[in-house]
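Undergrad: Okay, here's the structure, questions in a sec.
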Amino acid sequence: MRVLRNVYLAQFRTYLAENFQYRVQLGISILGIMVEPVIYMIVWINVAEAQGGAVAGYTASEFAGYFVAWTVVRQFNIGWSPWGMEHRIRTGELSPQLLRPVHPFHIDTATLLGLKVVTSLALIPTIVLLTLLFRPEIHFVPWSLVAFLPSLILAFFLRHVLMYAMSLTAFWTTRVTAMFQIFFAFEFFLSGRIAPLTVLPEWAQRLAAALPFQWSLYFPLELVLGRLTPEQALAGLGTQAIWLVASVAMLLLIWRFGVRRYAAVGG
Amino acid sequence: MRTLRLIWVFLRLSALNEFQYRANLVMQLFNSVLDLSIGLAGLALVFYHTESLAGWLPEELLVVVGVHVLTGGLLRTVIQPSMGKLMEDIGEGTLDYTLTKPEDAQLLVSLGRMELWRSVDVLLGIGVIVYASWQLGQNVGLLETALFSLALISGSLLIYAFWLGLTTSAFWVVRMWAVFEFFESLYQAGRWPVGIYPDWLRIGLTFLVPVAFAVTVPSEALTDRLTPNTLVLAIVLAFGAMLLSRLFWRIGLRRYSGASA
């Protein structure tokens, strides 16, 4: 456990130092992250206004609030890049990593956490700007905001572990791209990314409830917006934990069988 | 004439090159169809709640989606790959190889790299536009087609000039990739008519980044919305932008010192 902690700290620090060198680039990529929520915010504000002020339980300014909070949660739930593992396996870069005494997963996770620190600093001016431009309306509920913190952490780990596990299928096929594109397409609609889930037709809402996507975006969002009862919040955190455990189990299983198939190219 | 022949040679070369990797065509088809489906499902979701968006009917927005896919295809087949290569060449000094050739350097770099499979989007976009116009039941005659083509060409030239200008700044600032990605994501804004955006953003998407001229204006030509003023403005701006970007390119080129210098 001590060793693992030191690994995380060291990796985290290196990454932080590396990234503070490229502040301008980081600022621009944050601007890029703003584009998507702003587009959909404006689309739904237009729809709400055309329908006399509200759609699916959201007024125009509540849609603005939804997508401002969206920008924050989305920034945190960005996980492991699915193409990273494919590249490593194909090129044999994975070999030296297998020789290290810690699982590559920990190193990748520490790197990502380092990135989160840098991006959350850049998020502050982004949120101020969005708030000034769109006048969002959010009814903050104190206990709900407290519950938001663990839900955000669970959201990140759930999505990260799930994507990591899926990226390991690259042990069998070096073309995981198609699978991930389908994954992202479903996620786009069923996680709350294009709109709050209440906007979806009922059959799609039922589908969303059976899948893990909403637990890494929509659920934390509902907590920020104060739209849940304490019971719903607790049940939600529990569901997040269950999905996380399932994803970790999947990761371990795929890793165990996959790594046996790995035959390094060169070295 | 010479220019056309050169373009033909480049097209043939990259076709020969890409036909080695035919499996990529299947991948590209899959990508394009999936992207289009996501776009259409998003549209369906919006019209599940409302009959019109900022005055646009569902079939009319379908035209916008079609034009967005079509110009996006042009952008990703020729403009973006070539400009990406240009930026690499400036950074590494390999632009030398292009500059020593006895043809106009701007033309050469603008055709520097093509990803022909991406032109699947051009065909797909045309398909969507034809279907949507047929659904609208308006007679899109010779006049509308001509106006649409004019608007589309102006818009495409504007986008080209914009990207060339952006890439030319690499002569001064080498690290431009983040800026590239940012403008690529801004292009997504064109999936919706610019009329839905608040004033400041609409002006930005019209004059700073020519998304409005590339997507919304051609769509207006097919949906009975285009005013003569807008079309004239688009043509004049396209001319101006082409001249300006060429001038800027010349100035930038003078700063280039090559790999060996």
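Letters A, B, ... go to the chains of the structure tokens in the order shown; residues in each chain start at 1; ligands are counted from 1 in the same order.
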Could the residues of chain B within 7 Å of chain A, counting only C-alpha atoms, be given as a PyMOL selection string, please?
TA: chain B and resi 38+45+50+53-54+178-179+182+185-186+189+196-197
Undergrad: Considering only C-alpha atoms, give me a table of residues in region 70-120 of chain B that are at most 12 Å from region 237-255 of chain B, with the closest atom pair and distance in Å for each, as a Markdown table.
TA:
```
| residue | atom | partner | partner_atom | distance |
| --- | --- | --- | --- | --- |
| B:Leu86 | CA | B:Trp249 | CA | 11.7 |
| B:Ile90 | CA | B:Leu253 | CA | 9.6 |
| B:Leu95 | CA | B:Leu253 | CA | 10.1 |
| B:Asp96 | CA | B:Leu253 | CA | 11.0 |
| B:Thr98 | CA | B:Leu253 | CA | 11.9 |
| B:Leu99 | CA | B:Leu253 | CA | 9.6 |
| B:Asp104 | CA | B:Arg250 | CA | 11.1 |
| B:Ala105 | CA | B:Leu253 | CA | 9.5 |
| B:Gln106 | CA | B:Trp249 | CA | 7.7 |
| B:Leu107 | CA | B:Arg246 | CA | 10.4 |
| B:Val109 | CA | B:Trp249 | CA | 10.9 |
| B:Ser110 | CA | B:Trp249 | CA | 11.5 |
```
